[in-house]
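Have a look at upload-v3.txt below; it lists compact mmCIF, C-alpha atoms.
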```
# COMPACT_ATOMS: atom_id res chain seq x y z
CA MET K 236 118.45 90.02 55.37
CA ASP K 237 117.58 93.65 56.02
CA GLY K 238 113.97 94.73 56.45
CA PRO K 239 111.99 96.64 53.82
CA GLY K 240 112.12 99.75 55.96
CA ASP K 241 115.90 100.12 55.78
CA ALA K 242 115.87 102.97 53.30
CA ASP K 243 113.50 104.96 55.49
CA ALA K 244 115.49 104.10 58.59
CA ALA K 245 118.69 105.46 57.11
CA GLY K 246 117.09 108.71 56.06
CA ALA K 247 117.41 112.14 57.59
CA GLY K 248 114.02 111.80 59.29
CA ASP K 249 115.29 109.38 61.97
CA LEU K 250 115.69 110.50 65.55
CA ALA K 251 118.68 109.05 67.46
CA VAL K 252 118.68 109.34 71.24
CA GLY K 253 121.25 108.06 73.71
CA THR K 254 123.74 106.30 71.47
CA GLU K 255 126.80 106.69 73.74
CA ALA K 256 129.26 103.85 73.39
CA GLY K 257 128.91 101.14 75.98
CA ARG K 258 125.34 101.94 77.01
CA ARG K 259 122.80 99.12 77.06
CA THR K 260 120.41 101.07 74.86
CA PRO K 261 116.90 99.86 73.99
CA LEU K 262 115.75 100.41 70.42
CA ILE K 263 112.33 101.92 69.61
CA ILE K 264 110.85 101.59 66.11
CA THR K 265 107.72 103.65 65.44
CA GLU K 266 106.33 106.64 63.55
CA ASP K 267 103.34 106.97 65.90
CA PHE K 268 104.24 110.09 67.85
CA ASP K 269 101.69 109.46 70.61
CA LEU K 270 103.06 105.96 71.12
CA LEU K 271 106.60 107.31 70.99
CA ASP K 272 105.78 109.77 73.75
CA ASP K 273 104.50 106.90 75.89
CA LEU K 274 107.56 104.75 75.24
CA LEU K 275 110.00 107.59 75.93
CA ARG K 276 108.19 108.28 79.20
CA LEU K 277 108.44 104.61 80.23
CA CYS K 278 112.12 104.50 79.27
CA ALA K 279 112.75 107.57 81.43
CA ALA K 280 110.96 105.90 84.34
CA ALA K 281 113.25 102.88 83.91
CA GLY K 282 116.40 105.01 83.75
CA ALA K 283 117.09 104.19 80.09
CA ARG K 284 117.90 106.46 77.13
CA PRO K 285 116.65 104.69 73.99
CA GLU K 286 117.63 104.91 70.36
CA VAL K 287 114.66 105.71 68.11
CA HIS K 288 114.17 104.85 64.41
CA HIS K 289 111.22 104.88 62.01
CA GLY K 290 112.15 101.48 60.61
CA VAL K 291 114.76 98.74 60.97
CA PRO K 292 118.19 100.44 61.04
CA ALA K 293 120.33 99.54 58.03
CA ARG K 294 123.68 97.82 58.44
CA GLY K 295 126.23 100.40 59.48
CA VAL K 296 123.58 102.77 60.86
CA ALA K 297 124.16 103.23 64.59
CA GLY K 298 126.29 100.09 64.59
CA ASN K 299 123.42 97.95 63.30
CA ALA K 300 121.22 98.67 66.31
CA TRP K 301 118.62 96.08 65.25
CA ALA K 302 121.08 93.25 65.94
CA LYS K 303 122.87 94.77 68.94
CA ALA K 304 120.10 96.37 71.01
CA PRO K 305 119.32 94.35 74.16
CA LEU K 306 115.60 95.10 73.71
CA VAL K 307 113.58 96.23 70.68
CA LEU K 308 110.20 97.92 71.13
CA VAL K 309 108.25 97.85 67.87
CA GLY K 310 105.19 100.06 67.55
CA ASP K 311 102.16 98.39 66.01
CA ASP K 312 102.33 100.95 63.18
CA ALA K 313 105.83 99.75 62.24
CA VAL K 314 104.96 96.09 61.61
CA PRO K 315 105.01 96.46 57.78
CA ARG K 316 108.52 97.97 57.99
CA VAL K 317 109.82 95.25 60.33
CA ARG K 318 108.14 92.18 58.83
CA GLY K 319 111.12 91.17 56.67
CA ALA K 320 113.87 91.83 59.22
CA VAL K 321 116.23 89.14 60.44
CA ARG K 322 114.59 87.32 63.36
CA ARG K 323 116.09 87.96 66.79
CA ARG K 324 115.22 87.59 70.47
CA GLY K 325 114.12 90.45 72.70
CA VAL K 326 111.47 91.99 70.42
CA VAL K 327 108.30 93.39 71.99
CA LEU K 328 105.35 94.53 69.88
CA VAL K 329 103.57 97.45 71.53
CA GLY K 330 100.06 98.59 70.64
CA ARG K 331 97.56 101.07 72.03
CA ASP K 332 94.24 99.65 70.81
CA GLN K 333 92.77 97.46 73.55
CA ASP K 334 90.06 96.12 71.20
CA ASP K 335 92.31 95.01 68.31
CA PRO K 336 92.76 91.20 68.38
CA GLY K 337 94.93 91.38 65.26
CA VAL K 338 97.89 92.68 67.28
CA TRP K 339 98.69 89.10 68.35
CA ARG K 340 98.81 87.91 64.74
CA ARG K 341 101.12 90.78 63.83
CA GLY K 342 103.35 89.88 66.77
CA VAL K 343 103.76 86.38 65.33
CA GLU K 344 104.54 87.84 61.90
CA ILE K 345 107.58 89.73 63.20
CA GLY K 346 108.70 87.05 65.65
CA ALA K 347 108.01 89.12 68.77
CA ASP K 348 108.73 87.47 72.12
CA HIS K 349 105.96 89.49 73.76
CA VAL K 350 102.92 91.50 72.72
CA LEU K 351 101.47 94.12 75.03
CA VAL K 352 98.93 96.90 74.87
CA LEU K 353 99.32 100.17 76.71
CA PRO K 354 98.45 101.34 79.26
CA ASP K 355 97.79 97.91 80.85
CA GLY K 356 101.30 96.64 80.21
CA GLU K 357 103.17 99.72 81.41
CA GLN K 358 104.62 98.34 84.64
CA TRP K 359 105.80 95.11 83.01
CA LEU K 360 107.47 97.12 80.26
CA VAL K 361 109.18 99.50 82.68
CA ASP K 362 110.59 96.50 84.55
CA ARG K 363 111.82 94.89 81.33
CA ILE K 364 113.45 98.11 80.10
CA ALA K 365 115.14 98.65 83.47
CA ASP K 366 116.48 95.10 83.49
CA VAL K 367 118.26 95.56 80.17
CA ALA K 368 119.41 99.10 80.98
CA GLU K 369 121.01 97.99 84.23
CA GLY K 370 122.48 94.83 82.72
CA VAL K 371 120.97 92.57 85.36
CA GLY K 372 123.17 89.63 86.29
CA ARG K 373 123.05 87.33 89.29
CA PRO K 374 121.00 89.00 92.05
CA ALA K 375 122.57 89.80 95.39
CA PHE K 376 122.58 87.13 98.08
CA THR K 377 120.16 88.57 100.62
CA ALA K 378 120.32 87.67 104.30
CA GLY K 379 117.98 88.93 106.99
CA VAL K 380 118.61 89.03 110.74
CA ILE K 381 115.80 88.89 113.31
CA GLY K 382 115.98 89.02 117.08
CA GLY K 383 114.28 86.18 118.93
CA ARG K 384 113.57 88.70 121.68
CA GLY K 385 114.39 92.33 122.34
CA GLY K 386 118.10 92.93 122.91
CA ALA K 387 119.15 89.62 121.39
CA GLY K 388 121.89 91.27 119.34
CA ALA K 389 120.30 91.06 115.88
CA SER K 390 121.33 94.58 114.85
CA THR K 391 124.90 93.96 115.99
CA LEU K 392 125.06 90.76 113.95
CA ALA K 393 123.51 92.43 110.89
CA CYS K 394 126.10 95.21 110.97
CA ALA K 395 128.97 92.79 111.48
CA LEU K 396 127.80 90.62 108.58
CA ALA K 397 127.68 93.65 106.29
CA VAL K 398 131.05 95.01 107.43
CA THR K 399 132.79 91.66 106.93
CA ALA K 400 131.18 91.12 103.53
CA ALA K 401 132.34 94.55 102.36
CA ARG K 402 135.85 93.91 103.67
CA ALA K 403 135.93 90.67 101.67
CA GLY K 404 135.34 92.65 98.48
CA HIS K 405 131.61 92.15 97.97
CA ARG K 406 129.39 94.99 96.84
CA THR K 407 127.38 95.32 100.05
CA MET K 408 124.20 97.07 101.10
CA LEU K 409 122.87 97.11 104.66
CA VAL K 410 119.15 97.81 105.01
CA ASP K 411 117.64 98.85 108.33
CA ALA K 412 114.07 97.57 108.15
CA ASP K 413 113.35 98.12 111.88
CA PRO K 414 111.93 101.63 112.34
CA LEU K 415 112.01 101.30 116.12
CA GLY K 416 115.59 100.10 116.37
CA GLY K 417 117.24 103.50 116.76
CA GLY K 418 118.95 103.56 113.37
CA LEU K 419 121.85 101.47 112.13
CA ASP K 420 123.62 104.66 111.06
CA VAL K 421 124.18 105.31 114.77
CA LEU K 422 125.55 101.80 115.27
CA LEU K 423 127.94 102.36 112.37
CA GLY K 424 129.00 105.78 113.63
CA GLY K 425 127.52 107.56 110.61
CA GLU K 426 124.42 109.39 111.81
CA SER K 427 125.67 112.61 110.18
CA ALA K 428 126.62 110.97 106.86
CA GLN K 429 125.03 112.53 103.78
CA GLY K 430 122.52 110.50 101.79
CA LEU K 431 118.93 109.33 101.65
CA ARG K 432 117.13 107.64 104.54
CA TRP K 433 113.93 105.57 104.61
CA PRO K 434 111.57 108.57 104.91
CA ASP K 435 112.87 109.73 101.52
CA LEU K 436 111.91 106.38 99.97
CA ALA K 437 108.92 105.30 102.07
CA ALA K 438 106.44 106.37 99.38
CA SER K 439 108.25 104.62 96.51
CA ARG K 440 106.07 102.74 94.05
CA GLY K 441 106.89 100.64 91.00
CA ARG K 442 110.48 100.43 89.84
CA VAL K 443 113.44 101.92 91.73
CA GLY K 444 116.72 102.08 89.79
CA GLY K 445 119.40 99.93 91.43
CA GLY K 446 122.28 102.21 90.46
CA ALA K 447 120.45 105.36 91.47
CA LEU K 448 119.55 103.82 94.83
CA GLU K 449 123.12 102.76 95.55
CA GLU K 450 124.57 106.15 94.65
CA SER K 451 122.02 108.03 96.77
CA LEU K 452 122.73 106.19 100.04
CA PRO K 453 125.41 107.00 102.63
CA GLU K 454 128.65 105.08 102.20
CA LEU K 455 130.16 103.88 105.47
CA HIS K 456 132.96 101.35 105.96
CA SER K 457 132.90 100.45 102.23
CA LEU K 458 129.19 99.57 102.25
CA ARG K 459 125.98 101.39 101.41
CA LEU K 460 123.47 101.91 104.21
CA LEU K 461 119.73 102.53 104.11
CA SER K 462 118.72 103.56 107.61
CA TRP K 463 116.28 105.84 109.42
CA ASP K 464 116.51 109.49 110.33
CA ARG K 465 115.44 110.92 113.67
CA GLY K 466 111.98 111.88 112.38
CA ASP K 467 108.55 110.46 113.08
CA THR K 468 108.18 108.00 110.18
CA VAL K 469 107.72 104.53 111.68
CA ALA K 470 106.49 102.43 108.79
CA VAL K 471 107.34 101.56 105.21
CA ALA K 472 104.57 100.66 102.78
CA PRO K 473 104.91 97.11 101.45
CA GLU K 474 105.13 98.46 97.89
CA ALA K 475 108.10 100.62 98.90
CA MET K 476 109.83 97.74 100.70
CA ARG K 477 109.37 95.53 97.66
CA ALA K 478 110.65 98.16 95.23
CA VAL K 479 113.68 99.16 97.30
CA LEU K 480 114.85 95.64 98.10
CA ALA K 481 114.33 94.52 94.51
CA ALA K 482 116.53 97.42 93.38
CA ALA K 483 119.18 96.55 95.96
CA ARG K 484 119.23 92.91 94.85
CA ARG K 485 119.60 93.78 91.17
CA ARG K 486 123.01 95.32 91.89
CA GLY K 487 124.44 91.95 92.89
CA GLY K 488 126.82 91.22 95.75
CA VAL K 489 125.38 90.99 99.25
CA VAL K 490 122.37 92.62 100.90
CA VAL K 491 121.89 92.35 104.67
CA VAL K 492 118.53 93.31 106.19
CA ASP K 493 118.01 94.06 109.89
CA LEU K 494 114.40 93.05 110.52
CA PRO K 495 111.92 93.88 113.30
CA ARG K 496 110.41 91.14 115.42
CA ARG K 497 106.86 92.07 114.40
CA VAL K 498 105.85 90.74 110.99
CA ASP K 499 103.65 93.37 109.32
CA GLU K 500 103.02 93.72 105.59
CA GLY K 501 106.28 95.58 104.98
CA THR K 502 108.29 93.00 106.90
CA ALA K 503 106.55 90.19 105.00
CA GLU K 504 107.69 91.78 101.74
CA ALA K 505 111.26 91.85 103.04
CA LEU K 506 111.09 88.23 104.22
CA ALA K 507 109.86 87.15 100.80
CA GLN K 508 113.05 88.46 99.17
CA LEU K 509 115.51 86.80 101.54
CA ASP K 510 117.71 83.89 100.56
CA LEU K 511 118.53 83.24 104.21
CA GLY K 512 117.07 84.30 107.55
CA LEU K 513 119.06 84.25 110.79
CA LEU K 514 117.12 84.24 114.05
CA VAL K 515 119.32 85.37 116.97
CA VAL K 516 118.28 83.54 120.14
CA PRO K 517 119.85 83.96 123.58
CA ALA K 518 120.22 80.59 125.30
CA GLU K 519 117.56 81.37 127.88
CA LEU K 520 114.22 79.63 128.36
CA ARG K 521 112.06 82.78 128.04
CA ALA K 522 114.04 83.96 125.04
CA VAL K 523 113.56 80.61 123.33
CA ALA K 524 109.83 80.74 124.01
CA ALA K 525 109.62 84.24 122.54
CA ALA K 526 111.74 83.21 119.56
CA GLY K 527 109.32 80.41 118.82
CA LYS K 528 106.56 82.94 118.15
CA VAL K 529 108.82 85.04 115.95
CA ALA K 530 109.92 81.96 114.02
CA SER K 531 106.33 80.82 113.44
CA ALA K 532 105.45 84.15 111.86
CA ALA K 533 108.62 84.39 109.78
CA ARG K 534 108.40 80.84 108.43
CA MET K 535 105.04 81.59 106.85
CA VAL K 536 106.99 83.63 104.27
CA LEU K 537 110.68 82.75 104.61
CA ARG K 538 111.99 79.55 103.03
CA ASP K 539 115.33 79.20 104.82
CA LEU K 540 115.41 80.23 108.49
CA ARG K 541 118.28 79.21 110.76
CA ILE K 542 119.17 80.12 114.31
CA VAL K 543 122.23 81.81 115.75
CA VAL K 544 122.44 81.04 119.44
CA ARG K 545 123.90 83.60 121.80
CA PRO K 546 125.35 81.84 124.88
CA PRO K 547 125.18 83.55 128.28
CA ALA K 548 127.89 86.21 128.61
CA SER K 549 129.09 84.67 131.87
CA GLY K 550 129.53 81.24 130.38
CA ARG K 551 127.14 78.30 130.29
CA PRO K 552 126.15 77.25 133.82
CA SER K 553 125.29 73.67 134.63
CA GLY K 554 121.90 72.71 133.16
CA ALA K 555 121.76 75.71 130.81
CA LEU K 556 120.39 75.36 127.30
CA THR K 557 122.86 74.24 124.65
CA ALA K 558 122.86 75.55 121.10
CA ASP K 559 121.75 72.17 119.78
CA GLY K 560 119.03 72.09 122.40
CA VAL K 561 117.72 75.48 121.29
CA GLY K 562 117.67 74.25 117.70
CA ARG K 563 115.74 71.11 118.63
CA PHE K 564 113.24 73.12 120.69
CA LEU K 565 112.56 75.51 117.80
CA GLY K 566 112.83 72.89 115.07
CA LEU K 567 115.34 74.99 113.14
CA PRO K 568 118.86 74.31 111.87
CA LEU K 569 121.76 75.86 113.74
CA ALA K 570 123.89 78.41 111.88
CA GLY K 571 126.33 78.82 114.77
CA GLU K 572 126.96 80.26 118.22
CA LEU K 573 127.43 84.03 118.40
CA PRO K 574 130.67 84.69 120.29
CA ASP K 575 131.05 87.32 122.98
CA GLU K 576 133.42 90.13 122.02
CA PRO K 577 134.99 91.99 124.95
CA GLY K 578 134.96 95.77 124.58
CA LEU K 579 132.29 95.77 121.87
CA SER K 580 130.08 98.33 123.59
CA SER K 581 132.90 100.79 124.23
CA ALA K 582 134.14 100.39 120.65
CA GLN K 583 130.66 101.20 119.33
CA GLU K 584 130.47 104.30 121.51
CA ALA K 585 133.74 105.40 119.92
CA GLY K 586 132.23 104.97 116.43
CA ALA K 587 133.75 101.60 115.53
CA PRO K 588 131.13 99.31 113.93
CA PRO K 589 130.59 95.69 114.95
CA GLY K 590 132.92 93.40 113.03
CA ARG K 591 135.47 96.10 112.20
CA ASP K 592 138.35 94.21 113.84
CA PRO K 593 139.03 91.36 111.39
CA LYS K 594 140.73 89.36 114.13
CA GLY K 595 137.90 89.80 116.62
CA PRO K 596 135.58 86.89 117.51
CA LEU K 597 132.55 88.52 115.89
CA ALA K 598 134.30 89.21 112.58
CA ARG K 599 135.72 85.69 112.48
CA PHE K 600 132.25 84.25 113.11
CA CYS K 601 130.74 86.32 110.28
CA THR K 602 133.55 85.51 107.86
CA ALA K 603 133.16 81.81 108.54
CA LEU K 604 129.41 82.06 108.05
CA TRP K 605 129.80 83.78 104.67
CA ASP K 606 132.41 81.23 103.61
CA ARG K 607 129.97 78.38 104.29
CA LEU K 608 127.43 79.84 101.87
CA PRO K 609 128.30 78.68 98.32
CA ALA K 610 126.55 81.67 96.73
CA VAL K 611 128.77 84.09 98.67
CA GLY K 612 131.97 82.41 99.79
CA GLY K 613 133.45 81.85 96.35
CA ALA K 614 132.09 84.97 94.67
CA ARG K 615 133.54 88.48 94.52
```

Go ahead and express the file in the form of structure tokens.
Amino acid sequence: MDGPGDADAAGAGDLAVGTEAGRRTPLIITEDFDLLDDLLRLCAAAGARPEVHHGVPARGVAGNAWAKAPLVLVGDDAVPRVRGAVRRRGVVLVGRDQDDPGVWRRGVEIGADHVLVLPDGEQWLVDRIADVAEGVGRPAFTAGVIGGRGGAGASTLACALAVTAARAGHRTMLVDADPLGGGLDVLLGGESAQGLRWPDLAASRGRVGGGALEESLPELHSLRLLSWDRGDTVAVAPEAMRAVLAAARRRGGVVVVDLPRRVDEGTAEALAQLDLGLLVVPAELRAVAAAGKVASAARMVLRDLRIVVRPPASGRPSGALTADGVGRFLGLPLAGELPDEPGLSSAQEAGAPPGRDPKGPLARFCTALWDRLPAVGGAR
């Protein structure tokens, strides 16, 4: 059954915006021009181009947008024109009068899933619009790598994990969350690559578009990289870390985060978005003691933290710590032993990233690790 506003909706007074085929286009229904200005502004902030009508679009108008739109935003003024429309999911009633309790009753009348009043509900609405515009599916599997002590090899492992994931066909983003680490772009041989770095995003607030973020970053070795420049910025606000990682995750695939050993507010935001944390621990007594402190801080936020033990480069002497022993000491499950790869340093100096040789010990270790994770190993 079509709504009583169909005749008006089909008239010449309607405004149609962004009706390109294939777009996930929100539908706005209102004649309140002040409210329309607000909703268009919020759609722009979410990276969406909506379709706008004064009433419920008639069948055949814009492909019956009322039924097909992934999200319908109904202005409070349009309730009489929407009241008789066929019920559907994804309808939000939007008002501007904070003191009008009747807006909730009108939301029930039109079968709205949500009722909100601007400006208080702006951020929620931007997030909802962006979700439908981007076609959010399964979020990316997000793994973070932390060094148990300085020089443990966390950055090397993070790069190798990202390189092997990209080679396996996953959409991959590598995020350098350690401002004092020297820059993963250097480790990947891409310090001169064009694209945004953290200082360009460090002041981000609210919603960051996943597609826009991906397209703006340097592409190296079939992955996208968010790293640091050579400037003086040494911190990322927690709001920016939250917004950027949330955008990265919405694109799906795999996100790998190289984390600092200190857990500040920005790092805590990153830890909260991880599916898996890997703590790289050299099999040395002092390194294990230091790793214990890092693990205690990380586990306050991170749900799944495992260790990757790095045996001594010269082999394990008699009485040295074993990988299982390190795990028992720290009370953490063992994800594996990080193999030594001869010639790794010289290869990096020549611009070859860790894990680039698919037959090398490091790449084989990373591939096996990904394959053991059900959320990654069977997905492409």

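Using all atoms listed in the file, the smallest distance between any of K:Val471, K:Leu419, K:Ala481, K:Ala530 and Ala365 of chain K comes from K:Ala481.
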
Open item on the list: So that I can check the surroundings of Val309 of chain K, please list as a ChimeraX atom specification every protein, DNA and RNA residue that reaches within 7 Å of it, counting all atoms listed in the file and ignoring chain neighbours fewer than 4 positions away.
Closed with: /K:263-265,313,327-329

Open item on the list: Set the distance at 9 Å and use all atoms listed in the file: which residues neighbour Asp311 of chain K once local chain neighbours fewer than 4 positions away are removed? I'd like the list as number ranges by chain.
Closed with: K: 265, 267, 315, 328-331, 338, 341-342

Output C-alpha atoms for every residue in that selection, as a compact mmCIF listing (two decimals), in the frame of the given file.
```txt
# COMPACT_ATOMS: atom_id res chain seq x y z
CA THR K 265 107.72 103.65 65.44
CA ASP K 267 103.34 106.97 65.90
CA PRO K 315 105.01 96.46 57.78
CA LEU K 328 105.35 94.53 69.88
CA VAL K 329 103.57 97.45 71.53
CA GLY K 330 100.06 98.59 70.64
CA ARG K 331 97.56 101.07 72.03
CA VAL K 338 97.89 92.68 67.28
CA ARG K 341 101.12 90.78 63.83
CA GLY K 342 103.35 89.88 66.77
```

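Reported to one decimal place, the separation of atom CA of Ser457 of chain K from atom CA of Ala428 of chain K is 13.1 Å.
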
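Non-sequential neighbours of Val410 of chain K (distance at most 10 Å, separation of 2 or more positions within a chain, all atoms listed in the file) are K:Gly379, K:Ala393, K:Cys394, K:Ala397, K:Thr407, K:Met408, K:Ala412, K:Asp413, K:Leu419, K:Trp433, K:Arg459, K:Leu460, K:Leu461, K:Ser462, K:Trp463, K:Val479, K:Leu480, K:Ala483, K:Val490, K:Val491, K:Val492, K:Asp493, K:Leu494.
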
Expected residue set, 12 Å radius at (100.8, 95.6, 74.0), all atoms listed in the file, as a PDB file with C-alpha atoms, in the coordinates of the input:
```pdb
ATOM      1  CA  LEU K 270     103.060 105.960  71.120  1.00  0.00           C
ATOM      2  CA  LEU K 274     107.560 104.750  75.240  1.00  0.00           C
ATOM      3  CA  LEU K 308     110.200  97.920  71.130  1.00  0.00           C
ATOM      4  CA  VAL K 309     108.250  97.850  67.870  1.00  0.00           C
ATOM      5  CA  GLY K 310     105.190 100.060  67.550  1.00  0.00           C
ATOM      6  CA  ASP K 311     102.160  98.390  66.010  1.00  0.00           C
ATOM      7  CA  VAL K 326     111.470  91.990  70.420  1.00  0.00           C
ATOM      8  CA  VAL K 327     108.300  93.390  71.990  1.00  0.00           C
ATOM      9  CA  LEU K 328     105.350  94.530  69.880  1.00  0.00           C
ATOM     10  CA  VAL K 329     103.570  97.450  71.530  1.00  0.00           C
ATOM     11  CA  GLY K 330     100.060  98.590  70.640  1.00  0.00           C
ATOM     12  CA  ARG K 331      97.560 101.070  72.030  1.00  0.00           C
ATOM     13  CA  ASP K 332      94.240  99.650  70.810  1.00  0.00           C
ATOM     14  CA  GLN K 333      92.770  97.460  73.550  1.00  0.00           C
ATOM     15  CA  ASP K 334      90.060  96.120  71.200  1.00  0.00           C
ATOM     16  CA  ASP K 335      92.310  95.010  68.310  1.00  0.00           C
ATOM     17  CA  PRO K 336      92.760  91.200  68.380  1.00  0.00           C
ATOM     18  CA  GLY K 337      94.930  91.380  65.260  1.00  0.00           C
ATOM     19  CA  VAL K 338      97.890  92.680  67.280  1.00  0.00           C
ATOM     20  CA  TRP K 339      98.690  89.100  68.350  1.00  0.00           C
ATOM     21  CA  ARG K 341     101.120  90.780  63.830  1.00  0.00           C
ATOM     22  CA  GLY K 342     103.350  89.880  66.770  1.00  0.00           C
ATOM     23  CA  ALA K 347     108.010  89.120  68.770  1.00  0.00           C
ATOM     24  CA  ASP K 348     108.730  87.470  72.120  1.00  0.00           C
ATOM     25  CA  HIS K 349     105.960  89.490  73.760  1.00  0.00           C
ATOM     26  CA  VAL K 350     102.920  91.500  72.720  1.00  0.00           C
ATOM     27  CA  LEU K 351     101.470  94.120  75.030  1.00  0.00           C
ATOM     28  CA  VAL K 352      98.930  96.900  74.870  1.00  0.00           C
ATOM     29  CA  LEU K 353      99.320 100.170  76.710  1.00  0.00           C
ATOM     30  CA  PRO K 354      98.450 101.340  79.260  1.00  0.00           C
ATOM     31  CA  ASP K 355      97.790  97.910  80.850  1.00  0.00           C
ATOM     32  CA  GLY K 356     101.300  96.640  80.210  1.00  0.00           C
ATOM     33  CA  GLU K 357     103.170  99.720  81.410  1.00  0.00           C
ATOM     34  CA  GLN K 358     104.620  98.340  84.640  1.00  0.00           C
ATOM     35  CA  TRP K 359     105.800  95.110  83.010  1.00  0.00           C
ATOM     36  CA  LEU K 360     107.470  97.120  80.260  1.00  0.00           C
TER      37      LEU K 360
END
```

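For the pair atom CA of Pro292 of chain K and atom CA of Val307 of chain K, the separation is 11.5 Å.
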
TODO: Using atom CA of Cys278 of chain K and atom CA of Ala472 of chain K as the two end points, give the distance in Å to one decimal.
DONE: 25.0 Å

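Compared by their closest atoms to Glu584 of chain K, and using only C-alpha atoms, the residues K:Gly404, K:Gly424, K:Thr399, K:Gln429 rank with K:Gly424 nearest.
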
Task: Exercise: residues within 8 Å of coordinate (123.2, 88.9, 112.4), counting only C-alpha atoms, as number ranges by chain - done: K: 379-381, 388-396, 493, 513-515, 543

- [ ] Name the closest residue to Asp575 of chain K among the candidates K:Glu450, K:Asp464, K:Pro546, K:Gly416; distances are taken between atoms, counting all atoms listed in the file.
- [x] K:Pro546

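Proximity to Phe564 of chain K at 12 Å, evaluated using all atoms listed in the file and with sequence-adjacent residues fewer than 6 positions away removed, yields Val516, Ala518, Glu519, Leu520, Ala522, Val523, Ala524, Ala525, Ala526, Gly527, Ala530, Ile542, Leu556, Thr557 and Ala558 of chain K.
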
- [ ] Quick one: everything within 6 Å of Ser439 of chain K, counting all atoms listed in the file, minus sequence neighbours fewer than 2 positions away in the same chain. Send it as a list of chain:residue names.
- [x] K:Leu436, K:Ala437, K:Ala475

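Nearest to Ser451 of chain K of all the residues K:Leu431, K:Gly425, K:Glu344, K:Ala438 is K:Leu431, based on all atoms listed in the file.
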
For segment 317-321 of chain K, supply all heavy atoms and report the output as a PDB file, in the frame of the given file.
```pdb
ATOM      1  N   VAL K 317     108.975  96.165  59.559  1.00  0.00           N
ATOM      2  CA  VAL K 317     109.820  95.250  60.330  1.00  0.00           C
ATOM      3  C   VAL K 317     109.628  93.807  59.874  1.00  0.00           C
ATOM      4  O   VAL K 317     110.464  92.946  60.120  1.00  0.00           O
ATOM      5  CB  VAL K 317     109.497  95.385  61.851  1.00  0.00           C
ATOM      6  CG1 VAL K 317     110.218  94.345  62.680  1.00  0.00           C
ATOM      7  CG2 VAL K 317     109.860  96.782  62.340  1.00  0.00           C
ATOM      8  N   ARG K 318     108.557  93.554  59.133  1.00  0.00           N
ATOM      9  CA  ARG K 318     108.140  92.180  58.830  1.00  0.00           C
ATOM     10  C   ARG K 318     109.249  91.345  58.191  1.00  0.00           C
ATOM     11  O   ARG K 318     109.384  90.158  58.439  1.00  0.00           O
ATOM     12  CB  ARG K 318     106.908  92.218  57.928  1.00  0.00           C
ATOM     13  CG  ARG K 318     106.222  90.867  57.792  1.00  0.00           C
ATOM     14  CD  ARG K 318     104.940  90.996  56.973  1.00  0.00           C
ATOM     15  NE  ARG K 318     103.849  91.544  57.774  1.00  0.00           N
ATOM     16  CZ  ARG K 318     103.187  92.665  57.459  1.00  0.00           C
ATOM     17  NH1 ARG K 318     103.546  93.365  56.385  1.00  0.00           N
ATOM     18  NH2 ARG K 318     102.194  93.076  58.207  1.00  0.00           N
ATOM     19  N   GLY K 319     110.099  91.934  57.358  1.00  0.00           N
ATOM     20  CA  GLY K 319     111.120  91.170  56.670  1.00  0.00           C
ATOM     21  C   GLY K 319     112.481  91.174  57.347  1.00  0.00           C
ATOM     22  O   GLY K 319     113.450  90.654  56.786  1.00  0.00           O
ATOM     23  N   ALA K 320     112.570  91.728  58.544  1.00  0.00           N
ATOM     24  CA  ALA K 320     113.870  91.830  59.220  1.00  0.00           C
ATOM     25  C   ALA K 320     114.347  90.475  59.715  1.00  0.00           C
ATOM     26  O   ALA K 320     113.559  89.553  59.938  1.00  0.00           O
ATOM     27  CB  ALA K 320     113.773  92.810  60.381  1.00  0.00           C
ATOM     28  N   VAL K 321     115.647  90.362  59.884  1.00  0.00           N
ATOM     29  CA  VAL K 321     116.230  89.140  60.440  1.00  0.00           C
ATOM     30  C   VAL K 321     115.640  88.888  61.823  1.00  0.00           C
ATOM     31  O   VAL K 321     115.565  89.788  62.658  1.00  0.00           O
ATOM     32  CB  VAL K 321     117.770  89.283  60.531  1.00  0.00           C
ATOM     33  CG1 VAL K 321     118.375  88.080  61.228  1.00  0.00           C
ATOM     34  CG2 VAL K 321     118.362  89.464  59.145  1.00  0.00           C
TER      35      VAL K 321
END
```
